[in-house]
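Here's the structure we're looking at; comments come further down.
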Amino acid sequence: NPDDSVTTTARPVERTAAEIERHGITIACFTPGYLTQMAELLGEPASRLPIRSYTVGGEAMSRANLDLVQAVLKPPRIVNGYGPTETVITPTVGIAMAGERFDAPYMPIGKPVGDRAAYVLDAELQLCPPGVPGELYLAGGLARGYLGRPDASAERFVADPFHEGDGGGRMYR
């Protein structure tokens with residue numbers, strides 16, 4: 001828009017910050033990489049933006065980037081919306097309040113939202129004890145499978161052994 005008060009020559013993060021300020025935006029959603037660029041390129045002045053909460057998604061947010069964003073942008077809250085497309089958007093949400101730190105190398109994906117379930121299972125679809133590696137399975141709010149790809153659907157969308165008695169649900173592997 002030629003009447004726009006922000007020039008088109010501004011770097012994307014500068015333009016984003018100007019639009020946040022101009023419109024009084026309080027909740028913004030970005031990839032972790034873009035939010036990290038905001039912290040790196042805009043620095044401390046970006047901490048004065050009216051943001052109450054940033055939501056990140058689309059890729060993992062490293063602990064180092066989370067620490068940088070918290071230190072520079074100083075948001076009261078960062079929400080990590082995790083979920084593959086097959087789980088029909090954001091089956092789990094993790095929240096980091098101002099100054100909160102994690103020991104994990106990445107921001108936790110959090111807890112299931114609504115009627116969703118998340119399991120870390122071994123090769124026999126048994127629950128792994130806390131701290132034992134396994135594969136993540138998500139249940140509730142799933143796609144029906146891959147269009148025209150029954151073999152891929154059968155491999156990734158498996159019977160949910162935890163809900164056999166109520167009509168049998170499915171999990172996304």
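To be explicit about the labels: the chains of the structure tokens are called A, B, and onward in the order shown, and within each one the residues are counted from 1, while ligands get numbers from 1 in the order they are shown.
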
Q) Which parts of chain A does DSSP call helix (DSSP H, G or I) when run on the backbone here, written out as a ChimeraX atom specification? A) /A:12-23,32-42,44-48,63-73,85-87,150-156,161-166

| query | DSSP on the backbone: what in range 1-169 of chain A comes out strand (DSSP E), as a VMD selection string? | reply | chain A and resid 27 to 30 53 to 56 77 to 82 92 to 97 111 to 112 117 to 121 135 to 139 157 to 160 169

Kindly assemble as JSON lines a list of the range 85-119 of chain A residues that lie within 12 Å of range 50-72 of chain A, each paired with its nearest atom pair and their distance in Å to one decimal, using only C-alpha atoms, sorted first by chain and then by ascending residue number.
```
{"residue": "A:Thr85", "atom": "CA", "partner": "A:Gly58", "partner_atom": "CA", "distance": 9.8}
{"residue": "A:Ile89", "atom": "CA", "partner": "A:Gly57", "partner_atom": "CA", "distance": 10.1}
{"residue": "A:Thr90", "atom": "CA", "partner": "A:Gly57", "partner_atom": "CA", "distance": 8.7}
{"residue": "A:Pro91", "atom": "CA", "partner": "A:Gly57", "partner_atom": "CA", "distance": 11.7}
{"residue": "A:Thr92", "atom": "CA", "partner": "A:Gly57", "partner_atom": "CA", "distance": 10.8}
{"residue": "A:Val93", "atom": "CA", "partner": "A:Thr55", "partner_atom": "CA", "distance": 9.7}
{"residue": "A:Gly94", "atom": "CA", "partner": "A:Thr55", "partner_atom": "CA", "distance": 9.7}
{"residue": "A:Ile95", "atom": "CA", "partner": "A:Thr55", "partner_atom": "CA", "distance": 9.0}
{"residue": "A:Ala96", "atom": "CA", "partner": "A:Leu66", "partner_atom": "CA", "distance": 8.9}
{"residue": "A:Met97", "atom": "CA", "partner": "A:Gln70", "partner_atom": "CA", "distance": 9.0}
{"residue": "A:Ala98", "atom": "CA", "partner": "A:Gln70", "partner_atom": "CA", "distance": 6.7}
{"residue": "A:Gly99", "atom": "CA", "partner": "A:Gln70", "partner_atom": "CA", "distance": 6.4}
{"residue": "A:Glu100", "atom": "CA", "partner": "A:Gln70", "partner_atom": "CA", "distance": 8.5}
{"residue": "A:Arg101", "atom": "CA", "partner": "A:Asp67", "partner_atom": "CA", "distance": 7.4}
{"residue": "A:Phe102", "atom": "CA", "partner": "A:Arg63", "partner_atom": "CA", "distance": 7.1}
{"residue": "A:Asp103", "atom": "CA", "partner": "A:Arg63", "partner_atom": "CA", "distance": 8.0}
{"residue": "A:Ala104", "atom": "CA", "partner": "A:Arg63", "partner_atom": "CA", "distance": 7.1}
{"residue": "A:Pro105", "atom": "CA", "partner": "A:Arg63", "partner_atom": "CA", "distance": 5.3}
{"residue": "A:Tyr106", "atom": "CA", "partner": "A:Ser62", "partner_atom": "CA", "distance": 4.2}
{"residue": "A:Met107", "atom": "CA", "partner": "A:Met61", "partner_atom": "CA", "distance": 5.6}
{"residue": "A:Pro108", "atom": "CA", "partner": "A:Met61", "partner_atom": "CA", "distance": 8.6}
{"residue": "A:Ile109", "atom": "CA", "partner": "A:Ala60", "partner_atom": "CA", "distance": 8.7}
```

Prev. selection, C-alpha atoms, output as a tab-separated table (two decimals), in the first residue's frame:
```tsv
chain	number	residue	atom	x	y	z
A	85	THR	CA	-0.50	-31.19	10.31
A	89	ILE	CA	-3.22	-28.13	14.39
A	90	THR	CA	-1.81	-27.69	17.89
A	91	PRO	CA	-2.61	-30.79	19.95
A	92	THR	CA	-0.19	-29.66	22.68
A	93	VAL	CA	0.74	-26.31	24.17
A	94	GLY	CA	3.72	-25.41	26.32
A	95	ILE	CA	3.98	-22.10	28.14
A	96	ALA	CA	7.02	-20.20	29.37
A	97	MET	CA	6.29	-17.28	31.64
A	98	ALA	CA	8.72	-14.36	31.93
A	99	GLY	CA	12.13	-15.55	33.06
A	100	GLU	CA	11.16	-19.23	33.19
A	101	ARG	CA	14.02	-21.55	32.24
A	102	PHE	CA	14.09	-25.19	31.10
A	103	ASP	CA	16.81	-27.82	31.38
A	104	ALA	CA	15.81	-29.46	28.07
A	105	PRO	CA	17.63	-28.47	24.87
A	106	TYR	CA	14.31	-27.24	23.40
A	107	MET	CA	11.23	-25.51	24.77
A	108	PRO	CA	8.84	-28.24	25.95
A	109	ILE	CA	5.85	-29.02	23.73
```

*asked:* Given only C-alpha atoms as the basis, pick out the residue of A:Gly140, A:Gly33, A:Pro12, A:Gly43 nearest to Arg116 in chain A.
replied: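 Smallest distance to Arg116 in chain A is found for A:Gly140.
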
A straight line from CA of Glu135 in chain A to CA of Met171 in chain A spans 11.8 Å
